[in-house]
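One file, model-v4.cif, carrying mmCIF, C-alpha atoms and all ligand atoms:
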```cif
data_data
loop_
_atom_site.label_atom_id
_atom_site.label_comp_id
_atom_site.auth_asym_id
_atom_site.auth_seq_id
_atom_site.Cartn_x
_atom_site.Cartn_y
_atom_site.Cartn_z
CA MET A 897 8.31 196.44 61.78
CA GLU A 898 8.21 194.84 58.33
CA LYS A 899 4.75 193.57 57.48
CA ASP A 900 3.92 189.88 57.46
CA SER A 901 3.34 188.32 54.03
CA PHE A 902 2.50 185.08 52.31
CA TYR A 903 6.21 184.64 51.55
CA LYS A 904 7.26 185.13 55.19
CA LYS A 905 4.52 182.79 56.38
CA GLY A 906 6.09 180.23 54.05
CA LEU A 907 9.55 180.80 55.53
CA ARG A 908 8.08 180.38 58.99
CA LYS A 909 6.30 177.19 58.05
CA LYS A 910 9.58 175.75 56.76
CA MET A 911 11.44 176.83 59.92
CA VAL A 912 8.87 175.05 62.08
CA GLU A 913 8.72 171.95 59.83
CA VAL A 914 12.41 171.39 60.58
CA LEU A 915 11.78 171.79 64.31
CA ARG A 916 8.83 169.37 64.17
CA GLN A 917 11.26 166.57 63.34
CA ASN A 918 12.46 166.79 66.95
CA GLU A 919 9.98 164.75 68.90
CA GLU A 920 11.09 166.24 72.22
CA LEU A 921 9.77 169.68 71.24
CA ASP A 922 6.24 170.55 72.41
CA PRO A 923 3.87 170.89 69.40
CA ARG A 924 1.94 173.67 71.20
CA VAL A 925 5.13 175.74 71.28
CA LEU A 926 5.80 175.01 67.60
CA ASP A 927 2.25 176.06 66.66
CA VAL A 928 2.83 179.43 68.35
CA MET A 929 6.17 179.83 66.58
CA GLU A 930 4.52 179.13 63.25
CA GLU A 931 1.93 181.81 63.90
CA LEU A 932 4.12 184.55 65.42
CA PRO A 933 6.10 186.68 62.90
CA ARG A 934 9.67 186.26 64.15
CA HIS A 935 10.95 188.95 61.74
CA TYR A 936 9.10 191.65 63.74
CA PHE A 937 11.75 191.19 66.44
CA VAL A 938 14.87 191.90 64.39
CA ASP A 939 16.19 194.64 62.14
CA THR A 940 14.64 194.52 58.65
CA ALA A 941 18.09 193.60 57.24
CA PHE A 942 17.64 190.17 58.84
CA THR A 943 14.05 189.53 57.81
CA GLU A 944 14.88 186.41 55.83
CA LYS A 945 17.86 185.20 57.86
CA VAL A 946 15.89 185.16 61.06
CA TYR A 947 13.85 182.22 59.75
CA SER A 948 16.92 180.01 59.41
CA GLU A 949 18.56 178.23 62.34
CA GLY A 950 20.97 180.31 64.39
CA PRO A 951 21.09 183.39 66.63
CA PHE A 952 21.08 186.94 65.13
CA PRO A 953 22.22 190.36 66.33
CA ILE A 954 19.61 192.61 67.96
CA GLY A 955 21.84 195.51 69.11
CA SER A 956 23.76 196.22 72.35
CA GLY A 957 26.00 193.26 71.45
CA GLN A 958 23.16 190.78 72.12
CA THR A 959 21.38 188.16 70.00
CA ILE A 960 17.89 186.73 69.56
CA SER A 961 18.05 183.02 70.51
CA SER A 962 17.87 180.50 67.64
CA PRO A 963 14.46 178.97 66.83
CA TYR A 964 15.59 175.60 68.22
CA THR A 965 16.75 177.16 71.50
CA VAL A 966 13.47 179.04 71.95
CA ALA A 967 11.48 175.87 71.25
CA TYR A 968 13.68 173.81 73.57
CA GLN A 969 13.56 176.20 76.53
CA SER A 970 9.81 176.81 76.12
CA THR A 971 9.22 173.05 76.06
CA LEU A 972 11.21 172.47 79.27
CA LEU A 973 9.30 175.23 81.06
CA LYS A 974 6.00 173.25 80.55
CA VAL A 975 3.89 176.40 80.46
CA GLU A 976 0.20 176.13 81.23
CA SER A 977 -2.38 178.78 80.47
CA ARG A 978 -2.62 181.59 83.10
CA GLN A 979 0.67 180.65 84.76
CA LYS A 980 2.89 183.44 86.03
CA ILE A 981 6.24 183.29 84.26
CA LEU A 982 9.38 185.38 84.73
CA GLU A 983 11.85 185.64 81.85
CA ILE A 984 15.38 186.94 82.43
CA GLY A 985 16.92 188.55 79.34
CA THR A 986 14.13 190.17 77.28
CA GLY A 987 16.48 190.90 74.36
CA SER A 988 14.30 191.26 71.27
CA GLY A 989 11.12 190.26 73.14
CA TYR A 990 10.57 187.19 70.91
CA GLN A 991 10.80 184.55 73.66
CA ALA A 992 8.51 186.63 75.89
CA ALA A 993 5.98 186.87 73.03
CA VAL A 994 6.06 183.07 72.56
CA LEU A 995 5.35 182.55 76.28
CA SER A 996 2.56 185.11 76.18
CA LYS A 997 0.96 183.41 73.15
CA LEU A 998 1.10 180.13 75.11
CA GLY A 999 -1.28 181.82 77.54
CA ALA A 1000 1.18 182.69 80.31
CA ARG A 1001 1.21 185.94 82.28
CA VAL A 1002 4.71 187.07 81.42
CA TYR A 1003 7.14 189.33 83.29
CA THR A 1004 10.51 189.96 81.67
CA LEU A 1005 13.72 191.69 82.78
CA GLU A 1006 16.48 193.22 80.65
CA ARG A 1007 19.70 194.95 81.78
CA HIS A 1008 20.25 196.96 78.53
CA GLU A 1009 17.99 200.00 78.41
CA PRO A 1010 17.77 200.33 74.58
CA LEU A 1011 16.68 196.67 74.28
CA PHE A 1012 14.19 197.07 77.14
CA LYS A 1013 12.66 200.14 75.43
CA LYS A 1014 12.51 198.60 71.99
CA ALA A 1015 11.03 195.29 73.16
CA SER A 1016 8.45 196.87 75.45
CA SER A 1017 7.10 199.16 72.72
CA LEU A 1018 7.07 196.34 70.15
CA LEU A 1019 5.19 193.98 72.49
CA LYS A 1020 2.64 196.75 73.14
CA GLU A 1021 2.26 197.33 69.41
CA LEU A 1022 1.58 193.60 68.98
CA GLU A 1023 -1.05 193.91 71.74
CA LEU A 1024 0.65 191.33 73.93
CA THR A 1025 0.39 191.91 77.68
CA VAL A 1026 3.97 191.34 78.72
CA ARG A 1027 5.32 193.33 81.68
CA CYS A 1028 8.81 194.59 80.82
CA TYR A 1029 11.32 195.94 83.35
CA HIS A 1030 14.77 197.50 83.03
CA ARG A 1031 16.33 195.50 85.87
CA ASP A 1032 19.18 193.25 86.91
CA GLY A 1033 17.87 189.72 86.44
CA PHE A 1034 20.08 188.31 89.19
CA LYS A 1035 17.68 189.83 91.69
CA GLY A 1036 14.56 188.47 89.98
CA LEU A 1037 11.28 190.28 90.61
CA PRO A 1038 10.59 189.71 94.32
CA GLU A 1039 7.49 191.93 94.42
CA MET A 1040 5.71 189.64 91.94
CA ALA A 1041 7.01 186.30 93.29
CA PRO A 1042 6.30 183.43 93.55
CA PHE A 1043 6.41 182.32 89.89
CA ASP A 1044 5.20 179.08 88.30
CA GLY A 1045 8.22 179.24 86.03
CA ILE A 1046 11.41 181.23 85.53
CA LEU A 1047 13.28 181.16 82.23
CA VAL A 1048 16.84 182.49 81.95
CA THR A 1049 17.88 183.21 78.35
CA ALA A 1050 21.52 184.15 79.08
CA GLY A 1051 24.36 181.80 80.06
CA ALA A 1052 24.91 181.68 83.84
CA THR A 1053 27.95 180.36 85.72
CA GLU A 1054 25.82 179.17 88.65
CA ILE A 1055 22.18 178.91 89.72
CA PRO A 1056 21.30 182.25 91.36
CA GLU A 1057 19.89 181.63 94.85
CA LYS A 1058 17.44 184.54 94.57
CA LEU A 1059 15.80 183.06 91.46
CA LYS A 1060 15.34 179.63 93.09
CA MET A 1061 13.66 181.26 96.05
CA GLN A 1062 11.16 183.07 93.79
CA LEU A 1063 9.67 179.79 92.53
CA ARG A 1064 6.43 178.55 94.01
CA GLU A 1065 6.39 174.93 95.20
CA GLY A 1066 6.27 172.77 92.07
CA GLY A 1067 7.62 175.67 90.00
CA ARG A 1068 10.43 175.23 87.44
CA LEU A 1069 13.54 177.28 86.73
CA VAL A 1070 15.03 176.67 83.27
CA ILE A 1071 18.58 177.98 83.13
CA PRO A 1072 21.69 177.34 81.00
CA VAL A 1073 24.71 176.96 83.32
CA GLY A 1074 28.39 176.54 82.50
CA ILE A 1075 31.79 177.96 83.31
CA LYS A 1076 33.37 177.47 79.89
CA ARG A 1077 32.16 178.44 76.40
CA THR A 1078 29.01 176.34 76.53
CA GLN A 1079 26.27 175.89 79.08
CA GLN A 1080 24.19 172.89 80.05
CA MET A 1081 20.45 173.42 80.26
CA LEU A 1082 19.22 172.74 83.79
CA VAL A 1083 15.70 172.43 85.12
CA VAL A 1084 15.48 173.23 88.82
CA THR A 1085 12.16 172.19 90.38
CA ARG A 1086 11.16 173.48 93.80
CA LEU A 1087 9.84 170.50 95.76
CA GLY A 1088 9.54 172.21 99.15
CA PRO A 1089 10.66 175.35 101.02
CA ASP A 1090 14.28 174.23 100.88
CA ASP A 1091 14.09 171.20 98.66
CA PHE A 1092 15.11 171.45 94.99
CA ARG A 1093 15.62 168.87 92.24
CA VAL A 1094 18.07 169.55 89.40
CA GLU A 1095 17.72 167.80 86.03
CA LYS A 1096 20.34 168.15 83.29
CA TYR A 1097 19.71 168.48 79.56
CA ALA A 1098 21.55 169.45 76.36
CA HIS A 1099 24.41 171.92 75.87
CA PHE A 1100 24.01 175.35 74.27
CA ARG A 1101 25.97 178.56 73.78
CA PHE A 1102 24.33 181.69 75.15
CA VAL A 1103 25.45 185.32 75.56
CA PRO A 1104 26.58 185.77 79.19
CA PHE A 1105 24.30 186.44 82.15
CA LEU A 1106 26.00 189.55 83.57
CA LYS A 1107 25.51 191.17 86.95
CA GLY A 1108 24.03 194.66 87.26
CA LYS A 1109 22.24 196.95 84.82
CA ALA A 1110 24.23 197.89 81.70
N1 LIG B 1 15.12 186.11 75.15
C1 LIG B 1 15.85 186.93 74.20
C2 LIG B 1 17.29 186.46 74.09
C3 LIG B 1 18.22 187.60 74.29
S1 LIG B 1 19.90 187.19 74.61
C4 LIG B 1 15.14 186.96 72.87
O1 LIG B 1 14.16 186.24 72.67
O2 LIG B 1 15.54 187.76 72.01
C5 LIG B 1 19.96 187.33 76.38
C6 LIG B 1 19.63 188.68 76.96
O3 LIG B 1 19.90 188.61 78.37
C7 LIG B 1 20.45 189.85 76.43
O4 LIG B 1 19.60 190.82 75.90
C8 LIG B 1 21.19 190.36 77.68
O5 LIG B 1 21.35 191.77 77.69
C9 LIG B 1 20.27 189.89 78.80
N2 LIG B 1 20.90 189.80 80.12
C10 LIG B 1 22.13 189.33 80.46
N3 LIG B 1 22.34 189.44 81.79
C11 LIG B 1 21.21 190.00 82.32
C12 LIG B 1 20.80 190.39 83.64
N4 LIG B 1 21.60 190.25 84.70
N5 LIG B 1 19.57 190.92 83.79
C13 LIG B 1 18.74 191.11 82.74
N6 LIG B 1 19.07 190.77 81.48
C14 LIG B 1 20.29 190.23 81.26
#
```
So, in terms of structure tokens, how does the structure I just supplied come out?
Ligand code: SAH
Amino acid sequence: MEKDSFYKKGLRKKMVEVLRQNEELDPRVLDVMEELPRHYFVDTAFTEKVYSEGPFPIGSGQTISSPYTVAYQSTLLKVESRQKILEIGTGSGYQAAVLSKLGARVYTLERHEPLFKKASSLLKELELTVRCYHRDGFKGLPEMAPFDGILVTAGATEIPEKLKMQLREGGRLVIPVGIKRTQQMLVVTRLGPDDFRVEKYAHFRFVPFLKGKA
């Protein structure tokens, strides 16, 4: 973990200033992103690059989502303090850390063991209480359900039934879905036991949501 510095704080401030021009992004999320050292979550070779827009490699063929994507998904989730949130696709742990700093009780699942191990020890080192699991995200985390929010950070081809059913009434599932190269961001709100509303948002390109542990 490369130490934070005045210089890196400056890079972070610039990164967030650009995001602040998007009025749809929640300022509370952007405040957290300005405070949280994003470079802790990537290899030191990417320390500077990670503050510019775009995804970056984190090992196991995966990427940390771009700053805009993290801000966008976190905004759509509408996190309130103390809410129980499930993230699918821990990756670097950055998105989970943002949710935790927003005051949520965060559970996160990752199918790649090396990423799971790295992220869970880093989050501990940062003294963030995020519960990490080496699991297949398609199954969710039934023993901890229901959740106020579920955030999928990999591109799905459909809305997994099991995830919908782990939302509490009023809960939101934010998930990028598409069958081609890009995915459309969907917000699925649970209105009743078997009543769901689906809202459609912008298009993104995520690494694929794959079945089973790696
Ligand atoms: N939220 C991450 C983004 C990582 S990219 C971050 O902030 O860095 C998406 C991640 O989803 C990858 O690490 C990938 O391994 C993971 N993933 C894909 N399919 C999965 C599944 N079925 N269960 C758990 N994790 C999965």
Quiz item: So which residues touch Ser962 in chain A within 10 Å, counting all atoms listed in the file, skipping near sequence neighbours fewer than 6 positions away, as a PyMOL selection string?
Solution: chain A and resi 946-952+968+1102
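Using all atoms listed in the file for every distance, the candidate list A:Lys1020, A:Arg1064, A:Lys997, A:His1099 yields A:Arg1064 as the residue closest to Ala1041 in chain A.
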Counting all atoms listed in the file, what are the residues, protein, DNA or RNA alike, that approach ligand LIG 1 (chain B) to within 8 Å? I want them as a PDB file with C-alpha atoms, keeping the file's coordinate frame.
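Full text of pocket38.pdb as output:
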```pdb
ATOM      1  CA  PHE A 937      11.750 191.190  66.440  1.00  0.00           C
ATOM      2  CA  ILE A 954      19.610 192.610  67.960  1.00  0.00           C
ATOM      3  CA  SER A 956      23.760 196.220  72.350  1.00  0.00           C
ATOM      4  CA  GLY A 957      26.000 193.260  71.450  1.00  0.00           C
ATOM      5  CA  GLN A 958      23.160 190.780  72.120  1.00  0.00           C
ATOM      6  CA  THR A 959      21.380 188.160  70.000  1.00  0.00           C
ATOM      7  CA  ILE A 960      17.890 186.730  69.560  1.00  0.00           C
ATOM      8  CA  SER A 961      18.050 183.020  70.510  1.00  0.00           C
ATOM      9  CA  VAL A 966      13.470 179.040  71.950  1.00  0.00           C
ATOM     10  CA  GLU A 983      11.850 185.640  81.850  1.00  0.00           C
ATOM     11  CA  ILE A 984      15.380 186.940  82.430  1.00  0.00           C
ATOM     12  CA  GLY A 985      16.920 188.550  79.340  1.00  0.00           C
ATOM     13  CA  THR A 986      14.130 190.170  77.280  1.00  0.00           C
ATOM     14  CA  GLY A 987      16.480 190.900  74.360  1.00  0.00           C
ATOM     15  CA  SER A 988      14.300 191.260  71.270  1.00  0.00           C
ATOM     16  CA  GLY A 989      11.120 190.260  73.140  1.00  0.00           C
ATOM     17  CA  TYR A 990      10.570 187.190  70.910  1.00  0.00           C
ATOM     18  CA  GLN A 991      10.800 184.550  73.660  1.00  0.00           C
ATOM     19  CA  ALA A 992       8.510 186.630  75.890  1.00  0.00           C
ATOM     20  CA  LEU A1005      13.720 191.690  82.780  1.00  0.00           C
ATOM     21  CA  GLU A1006      16.480 193.220  80.650  1.00  0.00           C
ATOM     22  CA  ARG A1007      19.700 194.950  81.780  1.00  0.00           C
ATOM     23  CA  HIS A1008      20.250 196.960  78.530  1.00  0.00           C
ATOM     24  CA  LEU A1011      16.680 196.670  74.280  1.00  0.00           C
ATOM     25  CA  HIS A1030      14.770 197.500  83.030  1.00  0.00           C
ATOM     26  CA  ARG A1031      16.330 195.500  85.870  1.00  0.00           C
ATOM     27  CA  ASP A1032      19.180 193.250  86.910  1.00  0.00           C
ATOM     28  CA  GLY A1033      17.870 189.720  86.440  1.00  0.00           C
ATOM     29  CA  PHE A1034      20.080 188.310  89.190  1.00  0.00           C
ATOM     30  CA  VAL A1048      16.840 182.490  81.950  1.00  0.00           C
ATOM     31  CA  THR A1049      17.880 183.210  78.350  1.00  0.00           C
ATOM     32  CA  ALA A1050      21.520 184.150  79.080  1.00  0.00           C
ATOM     33  CA  GLY A1051      24.360 181.800  80.060  1.00  0.00           C
ATOM     34  CA  PHE A1102      24.330 181.690  75.150  1.00  0.00           C
ATOM     35  CA  VAL A1103      25.450 185.320  75.560  1.00  0.00           C
ATOM     36  CA  PRO A1104      26.580 185.770  79.190  1.00  0.00           C
ATOM     37  CA  PHE A1105      24.300 186.440  82.150  1.00  0.00           C
ATOM     38  CA  LEU A1106      26.000 189.550  83.570  1.00  0.00           C
ATOM     39  CA  LYS A1107      25.510 191.170  86.950  1.00  0.00           C
ATOM     40  CA  GLY A1108      24.030 194.660  87.260  1.00  0.00           C
ATOM     41  CA  LYS A1109      22.240 196.950  84.820  1.00  0.00           C
ATOM     42  CA  ALA A1110      24.230 197.890  81.700  1.00  0.00           C
TER      43      ALA A1110
END
```
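Residue nearest Ala967 in chain A within the list A:Asn918, A:Gln979, A:Gln1079, A:Thr1004: A:Asn918 [criterion: smallest interatomic distance, only C-alpha atoms].
Residues having any atom no farther than 10 Å from (-0.9, 182.5, 81.4) (counting all atoms listed in the file) are Val975, Glu976, Ser977, Arg978, Gln979, Lys980, Ile981, Leu995, Ser996, Lys997, Leu998, Gly999, Ala1000, Arg1001, Val1002 and Asp1044 of chain A.
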Write to file, as a short mmCIF file (atom, residue, chain, number, x, y, z; two decimals), keeping the file's coordinate frame, the residues of the selection just made, with C-alpha atoms.
```cif
data_model
loop_
_atom_site.label_atom_id
_atom_site.label_comp_id
_atom_site.auth_asym_id
_atom_site.auth_seq_id
_atom_site.Cartn_x
_atom_site.Cartn_y
_atom_site.Cartn_z
CA VAL A 975 3.89 176.40 80.46
CA GLU A 976 0.20 176.13 81.23
CA SER A 977 -2.38 178.78 80.47
CA ARG A 978 -2.62 181.59 83.10
CA GLN A 979 0.67 180.65 84.76
CA LYS A 980 2.89 183.44 86.03
CA ILE A 981 6.24 183.29 84.26
CA LEU A 995 5.35 182.55 76.28
CA SER A 996 2.56 185.11 76.18
CA LYS A 997 0.96 183.41 73.15
CA LEU A 998 1.10 180.13 75.11
CA GLY A 999 -1.28 181.82 77.54
CA ALA A 1000 1.18 182.69 80.31
CA ARG A 1001 1.21 185.94 82.28
CA VAL A 1002 4.71 187.07 81.42
CA ASP A 1044 5.20 179.08 88.30
#
```
Quiz prompt | Between CA of Tyr1003 in chain A and CA of Val1084 in chain A - distance in Å to one decimal | solution = 19.0 Å
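Of note, CA of Lys945 in chain A and CA of Glu913 in chain A are spaced 16.2 Å apart.
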Quiz item: Which residue out of A:Leu926, A:Glu898, A:Gly1036, A:Gly906 has the minimum interatomic distance to Ala941 in chain A when all atoms listed in the file are used?
Solution: A:Glu898
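Near Lys899 in chain A, within a cut-off of 9 Å and counting only C-alpha atoms, sit the residues Pro933, His935 and Tyr936 of chain A, with same-chain residues fewer than 5 positions away left out.
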Self-check item: Nearest candidate to Val938 in chain A (options A:Arg1077, A:Ala1015, A:Thr1053, A:Val1083; using all atoms listed in the file)
Solution: A:Ala1015
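For the set A:Gln1062, A:Glu1095, A:Val1026, A:Glu1039, the residue with the smallest atom-to-atom gap to Gln1080 in chain A is A:Glu1095, counting only C-alpha atoms.
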Quiz item: Which residue gives the smallest distance to Gly1074 in chain A among A:Phe942, A:Phe1100, A:Tyr903, A:Phe1012, with only C-alpha atoms counted?
Solution: A:Phe1100
Quiz item: Quick one, how far is CA of Lys1076 in chain A from CA of Ala1098 in chain A?
Solution: 14.7 Å
Around all of range 1055-1065 of chain A's listed atoms, make the axis-aligned box with 5 Å on each side and tell me centre and edge lengths in Å to one decimal, as lines of an AutoDock Vina configuration file.
```
center_x = 14.3
center_y = 179.7
center_z = 92.9
size_x = 25.8
size_y = 19.6
size_z = 16.3
```
